[in-house]
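Undergrad: As input, take input34.csv (CSV, C-alpha atoms):
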```
chain,number,residue,atom,x,y,z
A,16,MET,CA,11.2,-7.6,0.7
A,17,ASP,CA,12.9,-4.7,-0.9
A,18,GLU,CA,13.4,-1.5,0.8
A,19,SER,CA,10.9,0.4,-1.3
A,20,SER,CA,8.0,-1.6,0.1
A,21,LEU,CA,8.9,-0.3,3.5
A,22,ARG,CA,9.0,3.4,2.7
A,23,LEU,CA,6.5,5.9,3.9
A,24,ASP,CA,5.8,9.5,3.2
A,25,GLY,CA,7.4,12.3,5.2
A,26,ASN,CA,3.9,13.1,6.5
A,27,ALA,CA,4.1,9.9,8.6
A,28,CYS,CA,6.8,11.4,10.8
A,29,ALA,CA,5.0,14.7,11.2
A,30,GLY,CA,4.8,14.0,15.0
A,31,LEU,CA,8.5,13.5,15.2
A,32,LEU,CA,9.3,16.6,13.1
A,33,ARG,CA,7.0,18.6,15.3
A,34,GLU,CA,8.9,17.5,18.4
A,35,ILE,CA,12.0,19.2,16.9
A,36,PHE,CA,10.5,22.2,15.0
A,37,THR,CA,7.6,22.7,17.4
A,38,GLU,CA,5.5,23.6,14.4
A,39,ASP,CA,4.1,21.4,11.7
A,40,VAL,CA,6.7,21.5,8.8
A,41,THR,CA,5.2,18.8,6.6
A,42,ALA,CA,3.7,21.4,4.3
A,43,ALA,CA,7.0,23.3,4.1
A,44,SER,CA,8.9,23.2,0.9
A,45,ALA,CA,12.5,22.0,0.9
A,46,ALA,CA,15.2,21.7,-1.8
A,47,CYS,CA,17.4,18.8,-2.4
A,48,ALA,CA,21.1,19.7,-2.4
A,49,SER,CA,21.8,16.8,-4.8
A,50,CYS,CA,19.4,17.3,-7.6
A,51,GLY,CA,17.7,20.6,-6.8
A,52,ALA,CA,14.2,19.3,-6.7
A,53,VAL,CA,11.8,21.3,-4.5
A,54,ALA,CA,9.0,19.5,-2.7
A,55,GLN,CA,7.0,19.6,0.5
A,56,LEU,CA,8.7,17.6,3.4
A,57,GLY,CA,5.5,15.6,3.8
A,58,GLY,CA,5.8,14.2,0.3
A,59,GLN,CA,9.5,13.1,0.6
A,60,HIS,CA,10.3,9.5,1.1
A,61,LEU,CA,10.6,8.3,4.7
A,62,TYR,CA,12.7,5.3,5.8
A,63,GLY,CA,13.4,3.7,9.1
A,64,TYR,CA,10.4,5.2,11.0
A,65,PRO,CA,8.6,4.3,13.2
A,66,ASP,CA,10.2,0.9,13.7
A,67,GLY,CA,13.9,1.9,13.3
A,68,PRO,CA,16.2,3.9,15.6
A,69,GLY,CA,15.5,7.1,13.8
A,70,ALA,CA,14.1,8.6,10.6
A,71,VAL,CA,15.7,9.2,7.2
A,72,LEU,CA,14.0,11.5,4.7
A,73,ARG,CA,15.2,11.1,1.1
A,74,CYS,CA,14.4,13.2,-1.9
A,75,SER,CA,11.4,11.8,-3.7
A,76,SER,CA,13.1,12.7,-7.0
A,77,CYS,CA,16.7,11.3,-6.6
A,78,GLU,CA,16.6,9.5,-3.3
A,79,GLY,CA,19.4,11.7,-2.0
A,80,VAL,CA,19.4,11.9,1.8
A,81,LEU,CA,17.8,15.2,3.0
A,82,LEU,CA,17.4,14.7,6.7
A,83,VAL,CA,18.4,12.2,9.3
A,84,ILE,CA,16.9,12.2,12.8
A,85,THR,CA,18.1,10.0,15.6
A,86,SER,CA,17.0,10.1,19.2
A,87,ARG,CA,18.8,8.8,22.3
A,88,ALA,CA,18.7,9.6,26.0
A,89,ARG,CA,16.0,12.3,25.6
A,90,ARG,CA,17.9,14.1,22.9
A,91,TYR,CA,17.3,14.4,19.2
A,92,ARG,CA,20.1,14.8,16.7
A,93,LEU,CA,19.1,16.3,13.4
A,94,GLY,CA,21.4,15.9,10.4
A,95,THR,CA,20.8,17.7,7.2
A,96,PRO,CA,23.4,16.2,4.8
A,97,GLY,CA,21.5,16.9,1.6
A,98,LEU,CA,19.1,19.7,2.4
A,99,ALA,CA,19.8,22.9,0.5
A,100,TRP,CA,17.1,24.9,2.2
A,101,ILE,CA,13.7,24.7,3.9
A,102,ASP,CA,11.1,27.4,3.6
A,103,LEU,CA,9.3,28.1,6.8
A,104,GLU,CA,6.4,30.3,7.7
A,105,ALA,CA,7.3,33.1,10.1
A,106,THR,CA,5.0,33.6,13.1
A,107,ILE,CA,6.4,37.1,13.5
A,108,ASP,CA,7.7,39.5,11.0
A,109,PRO,CA,11.4,38.5,10.6
A,110,GLN,CA,12.3,42.1,9.8
A,111,GLY,CA,10.6,43.2,13.0
A,112,ARG,CA,8.4,45.7,11.1
B,52,MET,CA,2.8,37.6,26.3
B,53,ALA,CA,1.7,36.4,29.7
B,54,GLY,CA,-1.4,34.3,29.7
B,55,THR,CA,-1.4,33.9,26.0
B,56,ALA,CA,1.4,31.4,25.7
B,57,VAL,CA,0.6,29.1,22.8
B,58,GLN,CA,1.1,25.4,23.6
B,59,ARG,CA,3.3,24.5,20.7
B,60,ARG,CA,4.6,21.1,21.8
B,61,LEU,CA,2.2,18.3,21.2
B,62,SER,CA,1.0,16.9,24.4
B,63,TRP,CA,-0.6,13.5,25.2
B,64,ARG,CA,-4.3,13.8,25.9
B,65,LEU,CA,-6.6,11.3,27.5
B,66,GLY,CA,-9.7,10.5,25.4
B,67,GLU,CA,-12.7,8.5,26.3
B,68,VAL,CA,-14.1,5.9,24.0
B,69,VAL,CA,-17.8,6.8,23.6
B,70,GLY,CA,-18.8,4.6,20.6
B,71,LEU,CA,-17.7,1.6,18.6
B,72,VAL,CA,-18.7,0.7,15.1
B,73,GLU,CA,-18.0,-2.7,13.6
B,74,GLU,CA,-17.2,-1.7,10.0
B,75,THR,CA,-16.1,-5.1,8.6
B,76,PRO,CA,-15.0,-8.4,10.2
B,77,ARG,CA,-11.4,-6.9,10.5
B,78,VAL,CA,-12.1,-3.2,10.9
B,79,ARG,CA,-13.6,-1.2,13.7
B,80,THR,CA,-14.2,2.5,14.3
B,81,LEU,CA,-13.5,4.0,17.7
B,82,VAL,CA,-15.3,7.2,18.5
B,83,VAL,CA,-13.3,9.1,21.1
B,84,THR,CA,-14.1,12.3,22.9
B,85,VAL,CA,-11.0,14.3,23.6
B,86,PRO,CA,-11.3,17.1,26.1
B,87,GLY,CA,-9.5,20.2,24.8
B,88,TRP,CA,-9.2,18.8,21.3
B,89,PRO,CA,-7.9,21.7,19.2
B,90,GLY,CA,-9.7,20.6,16.1
B,91,HIS,CA,-8.3,19.0,13.0
B,92,ARG,CA,-8.2,19.1,9.3
B,93,ALA,CA,-9.5,16.4,7.0
B,94,GLY,CA,-6.7,13.9,6.3
B,95,GLN,CA,-4.7,14.4,9.5
B,96,HIS,CA,-3.7,11.6,11.9
B,97,VAL,CA,-3.1,11.0,15.6
B,98,ASP,CA,-0.6,9.0,17.5
B,99,VAL,CA,-2.2,6.5,19.9
B,100,ARG,CA,0.0,5.3,22.8
B,101,LEU,CA,-0.7,2.2,24.9
B,102,THR,CA,1.0,1.5,28.2
B,103,ALA,CA,1.2,-2.1,29.6
B,104,GLU,CA,1.0,-2.8,33.3
B,105,ASP,CA,4.8,-3.2,33.4
B,106,GLY,CA,5.2,0.3,31.9
B,107,TYR,CA,6.1,-0.9,28.4
B,108,GLN,CA,4.8,1.6,25.9
B,109,THR,CA,4.1,1.3,22.2
B,110,GLN,CA,2.5,3.7,19.8
B,111,HIS,CA,1.0,3.8,16.3
B,112,SER,CA,-0.4,6.4,14.0
B,113,TYR,CA,-4.0,6.3,12.9
B,114,SER,CA,-5.8,8.5,10.4
B,115,ILE,CA,-8.8,10.5,11.6
B,116,SER,CA,-11.9,9.4,9.7
B,117,SER,CA,-14.3,12.0,11.2
B,118,PRO,CA,-14.6,15.5,9.7
B,119,PRO,CA,-13.5,18.7,11.4
B,120,GLU,CA,-17.2,19.5,11.9
B,121,ASP,CA,-17.5,16.7,14.6
B,122,GLY,CA,-15.7,18.9,17.1
B,123,GLN,CA,-14.2,17.0,20.0
B,124,ARG,CA,-15.6,13.6,18.8
B,125,VAL,CA,-12.7,12.0,16.9
B,126,SER,CA,-13.2,8.8,14.9
B,127,LEU,CA,-10.3,6.4,14.3
B,128,THR,CA,-10.9,3.5,12.0
B,129,VAL,CA,-8.6,0.6,12.8
B,130,GLU,CA,-7.8,-2.5,10.8
B,131,ARG,CA,-6.6,-5.5,12.8
B,132,LEU,CA,-3.1,-6.5,11.8
B,133,ASP,CA,-2.5,-9.9,13.3
B,134,ASP,CA,1.2,-9.2,13.9
B,135,GLY,CA,0.5,-5.6,15.1
B,136,GLU,CA,1.1,-4.5,18.7
B,137,VAL,CA,-1.7,-1.9,18.9
B,138,SER,CA,-4.4,-2.8,16.4
B,139,PRO,CA,-5.5,-6.2,17.9
B,140,TYR,CA,-6.1,-4.4,21.2
B,141,LEU,CA,-8.0,-1.5,19.6
B,142,VAL,CA,-10.2,-3.8,17.4
B,143,ASP,CA,-10.9,-6.6,19.8
B,144,GLU,CA,-10.4,-5.4,23.4
B,145,VAL,CA,-11.4,-1.8,23.7
B,146,ARG,CA,-14.8,-1.2,25.3
B,147,VAL,CA,-17.0,1.9,25.6
B,148,GLY,CA,-15.9,3.9,28.6
B,149,ASP,CA,-12.2,2.9,28.2
B,150,ARG,CA,-9.6,5.7,28.0
B,151,LEU,CA,-7.0,6.1,25.3
B,152,GLU,CA,-3.9,8.2,25.3
B,153,LEU,CA,-3.5,10.1,22.1
B,154,ARG,CA,-1.8,13.2,20.7
B,155,GLY,CA,-2.6,15.2,17.6
B,156,PRO,CA,-3.7,16.3,15.2
B,157,ILE,CA,-0.6,15.6,13.2
B,158,GLY,CA,0.5,16.4,9.7
B,159,GLY,CA,-0.3,19.4,7.5
B,160,TYR,CA,0.6,17.8,4.2
B,161,PHE,CA,-2.0,15.2,3.4
B,162,VAL,CA,-5.0,17.5,4.0
B,163,TRP,CA,-8.0,18.8,2.0
B,164,GLU,CA,-10.0,21.9,2.8
B,165,ALA,CA,-13.6,22.3,1.6
B,166,GLU,CA,-12.8,25.8,0.3
B,167,THR,CA,-10.7,24.2,-2.4
B,168,THR,CA,-12.3,24.6,-5.9
B,169,ASP,CA,-10.2,22.1,-7.9
B,170,PRO,CA,-11.9,18.8,-8.7
B,171,LEU,CA,-11.0,16.2,-6.2
B,172,GLN,CA,-9.7,12.7,-7.0
B,173,LEU,CA,-9.4,10.1,-4.2
B,174,VAL,CA,-7.8,6.7,-4.7
B,175,ALA,CA,-8.0,4.2,-1.8
B,176,GLY,CA,-6.5,0.8,-1.2
B,177,GLY,CA,-8.1,-1.1,1.7
B,178,SER,CA,-8.1,0.9,4.9
B,179,GLY,CA,-6.4,3.7,3.0
B,180,VAL,CA,-9.9,4.9,2.6
B,181,CYS,CA,-9.9,6.2,6.2
B,182,PRO,CA,-8.4,9.7,5.8
B,183,LEU,CA,-10.2,10.0,2.5
B,184,MET,CA,-13.4,9.4,4.3
B,185,ALA,CA,-12.7,12.4,6.5
B,186,MET,CA,-12.4,14.4,3.3
B,187,LEU,CA,-15.7,13.1,1.9
B,188,ARG,CA,-17.4,13.8,5.2
B,189,HIS,CA,-15.9,17.3,5.4
B,190,ARG,CA,-17.1,17.9,1.8
B,191,ALA,CA,-20.6,16.8,2.7
B,192,ALA,CA,-20.7,18.8,5.9
B,193,ALA,CA,-19.3,22.0,4.5
B,194,PRO,CA,-21.1,21.6,2.1
B,195,SER,CA,-18.9,21.6,-1.0
B,196,ARG,CA,-20.0,20.6,-4.5
B,197,VAL,CA,-16.5,20.3,-5.9
B,198,PRO,CA,-16.6,17.6,-8.5
B,199,THR,CA,-15.3,14.5,-6.7
B,200,ARG,CA,-14.5,10.9,-7.5
B,201,LEU,CA,-13.4,8.1,-5.3
B,202,LEU,CA,-11.8,4.9,-6.7
B,203,TYR,CA,-11.7,2.4,-4.0
B,204,SER,CA,-9.9,-1.0,-4.2
B,205,SER,CA,-10.9,-3.7,-1.8
B,206,ARG,CA,-10.4,-7.5,-1.6
B,207,SER,CA,-14.1,-8.2,-1.4
B,208,LEU,CA,-17.5,-6.5,-1.0
B,209,GLU,CA,-17.6,-7.4,2.7
B,210,ASP,CA,-14.2,-5.8,3.2
B,211,LEU,CA,-15.3,-2.4,1.9
B,212,ILE,CA,-15.3,0.0,4.8
B,213,TYR,CA,-18.1,2.7,5.0
B,214,ARG,CA,-19.9,1.0,2.1
B,215,ALA,CA,-23.4,2.0,3.1
B,216,GLU,CA,-22.3,5.6,3.8
B,217,LEU,CA,-20.4,5.9,0.6
B,218,ASP,CA,-23.3,4.6,-1.4
B,219,GLY,CA,-25.5,7.1,0.4
B,220,LEU,CA,-23.1,10.0,-0.4
B,221,ALA,CA,-22.9,8.9,-4.0
B,222,ALA,CA,-26.7,8.8,-4.4
B,223,ALA,CA,-27.2,12.3,-2.9
B,224,ASP,CA,-27.6,15.3,-5.2
B,225,GLY,CA,-24.1,16.8,-5.8
B,226,GLY,CA,-22.5,13.8,-4.2
B,227,PRO,CA,-19.2,12.2,-5.1
B,228,GLU,CA,-18.9,9.5,-7.8
B,229,VAL,CA,-17.8,6.3,-6.1
B,230,THR,CA,-16.3,3.4,-8.0
B,231,TYR,CA,-15.3,0.1,-6.4
B,232,THR,CA,-12.9,-2.5,-7.6
B,233,LEU,CA,-12.9,-5.9,-5.9
B,234,THR,CA,-9.6,-7.7,-6.3
B,235,ARG,CA,-10.1,-11.1,-4.7
B,236,GLU,CA,-13.8,-12.1,-4.4
B,237,ARG,CA,-16.8,-10.9,-6.2
B,238,PRO,CA,-20.5,-11.5,-5.3
B,239,PRO,CA,-22.5,-13.3,-8.0
B,240,GLY,CA,-23.6,-10.8,-10.7
B,241,TRP,CA,-20.9,-8.2,-9.9
B,242,THR,CA,-20.5,-6.0,-12.9
B,243,GLY,CA,-18.0,-3.5,-11.5
B,244,PHE,CA,-14.2,-3.6,-11.8
B,245,ALA,CA,-12.6,-6.9,-10.6
B,246,ARG,CA,-8.9,-6.4,-10.7
B,247,ARG,CA,-6.1,-4.3,-9.1
B,248,ILE,CA,-6.0,-0.7,-10.0
B,249,ASP,CA,-4.2,-0.2,-13.3
B,250,ARG,CA,-3.6,2.5,-15.8
B,251,GLN,CA,-6.7,1.6,-17.9
B,252,MET,CA,-8.9,1.7,-14.8
B,253,LEU,CA,-7.6,5.1,-13.8
B,254,ALA,CA,-8.2,6.4,-17.3
B,255,GLU,CA,-11.8,5.2,-17.1
B,256,ALA,CA,-12.7,6.0,-13.5
B,257,ALA,CA,-10.6,8.9,-12.4
B,258,TRP,CA,-10.7,12.6,-13.6
B,259,PRO,CA,-8.6,13.1,-16.7
B,260,PRO,CA,-5.5,15.3,-16.2
B,261,GLU,CA,-7.1,18.1,-18.2
B,262,ARG,CA,-9.4,18.7,-15.3
B,263,ARG,CA,-6.4,19.4,-13.1
B,264,PRO,CA,-7.7,17.5,-10.1
B,265,LEU,CA,-6.1,17.5,-6.7
B,266,VAL,CA,-5.3,13.8,-6.1
B,267,PHE,CA,-5.0,12.0,-2.8
B,268,VAL,CA,-3.8,8.4,-2.8
B,269,CYS,CA,-3.7,6.3,0.4
B,270,GLY,CA,-3.1,2.6,1.1
B,271,PRO,CA,-0.3,0.1,1.4
B,272,THR,CA,3.0,1.4,0.0
B,273,SER,CA,3.1,-0.8,-3.1
B,274,PHE,CA,-0.5,0.1,-3.9
B,275,VAL,CA,0.2,3.8,-3.5
B,276,GLU,CA,3.3,3.8,-5.6
B,277,SER,CA,1.7,1.8,-8.4
B,278,ALA,CA,-1.3,4.1,-8.5
B,279,ALA,CA,0.8,7.3,-8.4
B,280,ASP,CA,3.1,6.1,-11.2
B,281,HIS,CA,0.1,5.3,-13.4
B,282,LEU,CA,-1.4,8.7,-12.7
B,283,VAL,CA,1.8,10.5,-13.7
B,284,ALA,CA,2.0,8.4,-16.8
B,285,LEU,CA,-1.5,9.4,-17.7
B,286,GLY,CA,-0.4,13.1,-17.5
B,287,HIS,CA,-1.2,14.1,-14.0
B,288,GLU,CA,1.2,16.6,-12.4
B,289,ALA,CA,3.3,14.9,-9.8
B,290,ALA,CA,3.0,18.0,-7.5
B,291,ARG,CA,-0.8,17.6,-7.5
B,292,ILE,CA,-0.7,14.0,-6.3
B,293,LYS,CA,-0.4,13.6,-2.5
B,294,THR,CA,0.3,10.2,-1.2
B,295,GLU,CA,0.0,8.5,2.2
B,296,ARG,CA,1.8,5.2,2.3
B,297,PHE,CA,0.8,2.8,5.1
B,298,GLY,CA,3.9,0.5,4.7
B,299,PRO,CA,4.0,-3.1,3.6
B,300,THR,CA,0.9,-4.4,5.4
B,301,GLY,CA,-1.4,-1.4,5.7
B,302,GLY,CA,-2.5,0.8,8.5
```
Do you think you could lay out the structure here as structure tokens?
TA:
Amino acid sequence: MDESSLRLDGNACAGLLREIFTEDVTAASAACASCGAVAQLGGQHLYGYPDGPGAVLRCSSCEGVLLVITSRARRYRLGTPGLAWIDLEATIDPQGR
Amino acid sequence: MAGTAVQRRLSWRLGEVVGLVEETPRVRTLVVTVPGWPGHRAGQHVDVRLTAEDGYQTQHSYSISSPPEDGQRVSLTVERLDDGEVSPYLVDEVRVGDRLELRGPIGGYFVWEAETTDPLQLVAGGSGVCPLMAMLRHRAAAPSRVPTRLLYSSRSLEDLIYRAELDGLAAADGGPEVTYTLTRERPPGWTGFARRIDRQMLAEAAWPPERRPLVFVCGPTSFVESAADHLVALGHEAARIKTERFGPTGG
């Protein structure tokens, strides 16, 4: 079985992402640092979850690694090797106005 | 602000099974009432957690098939995967009155709101129809008359989930157009599609790209990727196609 038949969508790890970000971020846009493609996190390619030791989100355009989440001993480690940016909704006015 | 703290972390809730619907020989719907359920959007899922007597825990995600309008009654439609840890229990063992631990709703990406005015195209493979059913039920309850088509691939007529309800929705005034394709077995006299979804079928049975539909595709990973590739090749914008892959075996 090749790896592509195991992949899911970022939306499938929405619960895990919410553990870390405390808000749903699957509808948030993110840019790939490798190819520059912008897409919602929920539509990126997900590997290794839920049956692996963590989750790897790859760019749906170029398969560059955007995000890596591992968990151990009640801690999460979030790596962002190929994430240029993520666009999040503010719940307060960031400028404090 | 004191007293108005928003509970942002997802917490596990204890729901009670209040109804069971045998959908097909392999698929059952569990209707669960969840006290304090915050409400959901059509297309979202929940995590269900089972705990064995020795404390071993396992969890799995299930799409919600009921519409937001059902309030605290949440329906989960589960297909039995013979090698699964959770689904054989949910399909074969759970009885009315049992309690289930779940958390949700989860996922803000694969959702459809009835306020949307773009035509809606749904493409389902097997139990991938479950979150799409939440959208169709939401559309009917809203009510919305957005032009809607469902193309639903199933192994056989008896494996079609929600068939009677889908046929009823399709027959109603302003209802969705529903097209089935049966990939493995056909009843005598079947005149509908009888093959896996391909480009030609999508060209015939789905909205053309000129209508700029919002597209939701759900099913096993290989099904979803094949359907999405064909849709892009037909001229649909990739950004308007949302996918929910169930993995190699389905949900």
Undergrad: I want to know what sits within 10 Å of segment 114-119 of chain B, based on only C-alpha atoms, with residues of the same chain fewer than 4 positions away left out; could you give that as number ranges by chain?
TA: B: 80-82, 90-98, 123-129, 155-157, 164, 178-193, 302
Undergrad: Residues of chain B that approach chain A to 6 Å or less, counting only C-alpha atoms: could you list each one with the shortest pair of atoms and its distance in Å to one decimal, rows by chain and increasing residue number, as a Markdown table?
TA:
```
| residue | atom | partner | partner_atom | distance |
| --- | --- | --- | --- | --- |
| B:Arg59 | CA | A:Thr37 | CA | 5.7 |
| B:Arg60 | CA | A:Thr37 | CA | 5.6 |
| B:Ile157 | CA | A:Gly30 | CA | 5.9 |
| B:Gly158 | CA | A:Ala29 | CA | 5.0 |
| B:Gly159 | CA | A:Ala42 | CA | 5.5 |
| B:Tyr160 | CA | A:Ala42 | CA | 4.8 |
| B:Thr272 | CA | A:Ser20 | CA | 5.8 |
| B:Ser273 | CA | A:Ser20 | CA | 5.9 |
| B:Glu295 | CA | A:Asp24 | CA | 6.0 |
| B:Arg296 | CA | A:Leu23 | CA | 5.0 |
| B:Gly298 | CA | A:Leu21 | CA | 5.2 |
| B:Pro299 | CA | A:Ser20 | CA | 5.5 |
```
Undergrad: With C-alpha atoms retained, could you export that selection as a tab-separated table (two decimals), in the frame of the given file?
TA:
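out-v4.tsv, freshly written:
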```
chain	number	residue	atom	x	y	z
B	59	ARG	CA	3.30	24.50	20.70
B	60	ARG	CA	4.60	21.10	21.80
B	157	ILE	CA	-0.60	15.60	13.20
B	158	GLY	CA	0.50	16.40	9.70
B	159	GLY	CA	-0.30	19.40	7.50
B	160	TYR	CA	0.60	17.80	4.20
B	272	THR	CA	3.00	1.40	0.00
B	273	SER	CA	3.10	-0.80	-3.10
B	295	GLU	CA	0.00	8.50	2.20
B	296	ARG	CA	1.80	5.20	2.30
B	298	GLY	CA	3.90	0.50	4.70
B	299	PRO	CA	4.00	-3.10	3.60
```
Undergrad: Which value, in Å to one decimal, gives the distance between atom CA of Arg214 of chain B and atom CA of Tyr231 of chain B?
TA: 9.7 Å
Undergrad: Quick one: of B:Val174, B:Leu208, B:Leu101, B:Ala222, who's nearest to His281 of chain B, counting only C-alpha atoms?
TA: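 Smallest separation from His281 of chain B among the options: B:Val174.
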Undergrad: Measuring atom to atom with only C-alpha atoms, identify which of B:Pro271, B:Pro194, B:Pro264, B:Gly177 is nearest to Thr232 of chain B.
TA: B:Gly177
Undergrad: Separation of atom CA of Asp218 of chain B and atom CA of Asp249 of chain B, in Å?
TA: 23.0 Å
Undergrad: Rank nothing, just name the residue among B:Arg263, B:Arg200, B:Arg100, B:Arg206 nearest to Thr75 of chain B, using all atoms listed in the file.
TA: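 Ranked by minimum distance to Thr75 of chain B, first place goes to B:Arg206.
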Undergrad: Please compute the atom CA of Tyr62 of chain A-atom CA of Phe274 of chain B distance, one decimal, in Å.
TA: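 Distance between the two atoms: 17.2 Å.
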Undergrad: Counting all atoms listed in the file, note down every residue that has an atom within 12 Å of the point (-10.4, 0.1, -5.4) (file coordinates), as a compact mmCIF listing (two decimals) with C-alpha atoms, in the coordinates of the input.
TA:
```
# COMPACT_ATOMS: atom_id res chain seq x y z
CA LEU B 173 -9.40 10.10 -4.20
CA VAL B 174 -7.80 6.70 -4.70
CA ALA B 175 -8.00 4.20 -1.80
CA GLY B 176 -6.50 0.80 -1.20
CA GLY B 177 -8.10 -1.10 1.70
CA SER B 178 -8.10 0.90 4.90
CA GLY B 179 -6.40 3.70 3.00
CA VAL B 180 -9.90 4.90 2.60
CA ARG B 200 -14.50 10.90 -7.50
CA LEU B 201 -13.40 8.10 -5.30
CA LEU B 202 -11.80 4.90 -6.70
CA TYR B 203 -11.70 2.40 -4.00
CA SER B 204 -9.90 -1.00 -4.20
CA SER B 205 -10.90 -3.70 -1.80
CA ARG B 206 -10.40 -7.50 -1.60
CA SER B 207 -14.10 -8.20 -1.40
CA LEU B 208 -17.50 -6.50 -1.00
CA ASP B 210 -14.20 -5.80 3.20
CA LEU B 211 -15.30 -2.40 1.90
CA ILE B 212 -15.30 0.00 4.80
CA VAL B 229 -17.80 6.30 -6.10
CA THR B 230 -16.30 3.40 -8.00
CA TYR B 231 -15.30 0.10 -6.40
CA THR B 232 -12.90 -2.50 -7.60
CA LEU B 233 -12.90 -5.90 -5.90
CA THR B 234 -9.60 -7.70 -6.30
CA ARG B 235 -10.10 -11.10 -4.70
CA GLY B 243 -18.00 -3.50 -11.50
CA PHE B 244 -14.20 -3.60 -11.80
CA ALA B 245 -12.60 -6.90 -10.60
CA ARG B 246 -8.90 -6.40 -10.70
CA ARG B 247 -6.10 -4.30 -9.10
CA ILE B 248 -6.00 -0.70 -10.00
CA ASP B 249 -4.20 -0.20 -13.30
CA MET B 252 -8.90 1.70 -14.80
CA LEU B 253 -7.60 5.10 -13.80
CA ALA B 256 -12.70 6.00 -13.50
CA ALA B 257 -10.60 8.90 -12.40
CA VAL B 268 -3.80 8.40 -2.80
CA CYS B 269 -3.70 6.30 0.40
CA GLY B 270 -3.10 2.60 1.10
CA PHE B 274 -0.50 0.10 -3.90
CA VAL B 275 0.20 3.80 -3.50
CA ALA B 278 -1.30 4.10 -8.50
```
Undergrad: Using all atoms listed in the file, can you tell me which of B:Val78, B:Val197, B:Val72, B:Val137 comes closest to Glu209 of chain B?
TA: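 Counting all atoms listed in the file, the residue closest to Glu209 of chain B is B:Val78.
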Undergrad: What's the 12 Å shell around Gly51 of chain A, counting all atoms listed in the file, without same-chain residues fewer than 2 positions away, as a PyMOL selection string?
TA: chain A and resi 44-49+53-54+74-79+81+97-100
Undergrad: Pick out the closest residue to Gln110 of chain B from this set: B:His287, B:Arg154, B:Arg196, B:Arg131. Count all atoms listed in the file.
TA: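 The answer is B:Arg154, which sits nearest to Gln110 of chain B.
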Undergrad: Could you add the missing atoms to segment 76-87 of chain A, up to N, CA and C atoms, and return them as an mmCIF file, in the frame of the given file?
TA:
```cif
data_model
loop_
_atom_site.group_PDB
_atom_site.id
_atom_site.type_symbol
_atom_site.label_atom_id
_atom_site.label_comp_id
_atom_site.auth_asym_id
_atom_site.auth_seq_id
_atom_site.Cartn_x
_atom_site.Cartn_y
_atom_site.Cartn_z
ATOM 1 N N SER A 76 12.679 12.680 -5.647
ATOM 2 C CA SER A 76 13.100 12.700 -7.000
ATOM 3 C C SER A 76 14.368 11.810 -7.246
ATOM 4 N N CYS A 77 15.395 12.013 -6.390
ATOM 5 C CA CYS A 77 16.700 11.300 -6.600
ATOM 6 C C CYS A 77 17.114 10.426 -5.498
ATOM 7 N N GLU A 78 16.326 10.350 -4.420
ATOM 8 C CA GLU A 78 16.600 9.500 -3.300
ATOM 9 C C GLU A 78 17.898 9.970 -2.517
ATOM 10 N N GLY A 79 18.366 11.179 -2.771
ATOM 11 C CA GLY A 79 19.400 11.700 -2.000
ATOM 12 C C GLY A 79 18.953 11.944 -0.534
ATOM 13 N N VAL A 80 19.844 11.779 0.439
ATOM 14 C CA VAL A 80 19.400 11.900 1.800
ATOM 15 C C VAL A 80 19.285 13.397 2.201
ATOM 16 N N LEU A 81 18.093 13.786 2.591
ATOM 17 C CA LEU A 81 17.800 15.200 3.000
ATOM 18 C C LEU A 81 18.079 15.395 4.453
ATOM 19 N N LEU A 82 17.444 14.537 5.253
ATOM 20 C CA LEU A 82 17.400 14.700 6.700
ATOM 21 C C LEU A 82 17.567 13.403 7.414
ATOM 22 N N VAL A 83 18.281 13.431 8.510
ATOM 23 C CA VAL A 83 18.400 12.200 9.300
ATOM 24 C C VAL A 83 18.112 12.654 10.780
ATOM 25 N N ILE A 84 17.196 11.942 11.410
ATOM 26 C CA ILE A 84 16.900 12.200 12.800
ATOM 27 C C ILE A 84 17.134 10.989 13.632
ATOM 28 N N THR A 85 17.938 11.115 14.666
ATOM 29 C CA THR A 85 18.100 10.000 15.600
ATOM 30 C C THR A 85 17.756 10.537 17.000
ATOM 31 N N SER A 86 17.358 9.640 17.868
ATOM 32 C CA SER A 86 17.000 10.100 19.200
ATOM 33 C C SER A 86 17.682 9.108 20.204
ATOM 34 N N ARG A 87 18.156 9.656 21.296
ATOM 35 C CA ARG A 87 18.800 8.800 22.300
ATOM 36 C C ARG A 87 18.878 9.650 23.588
#
```
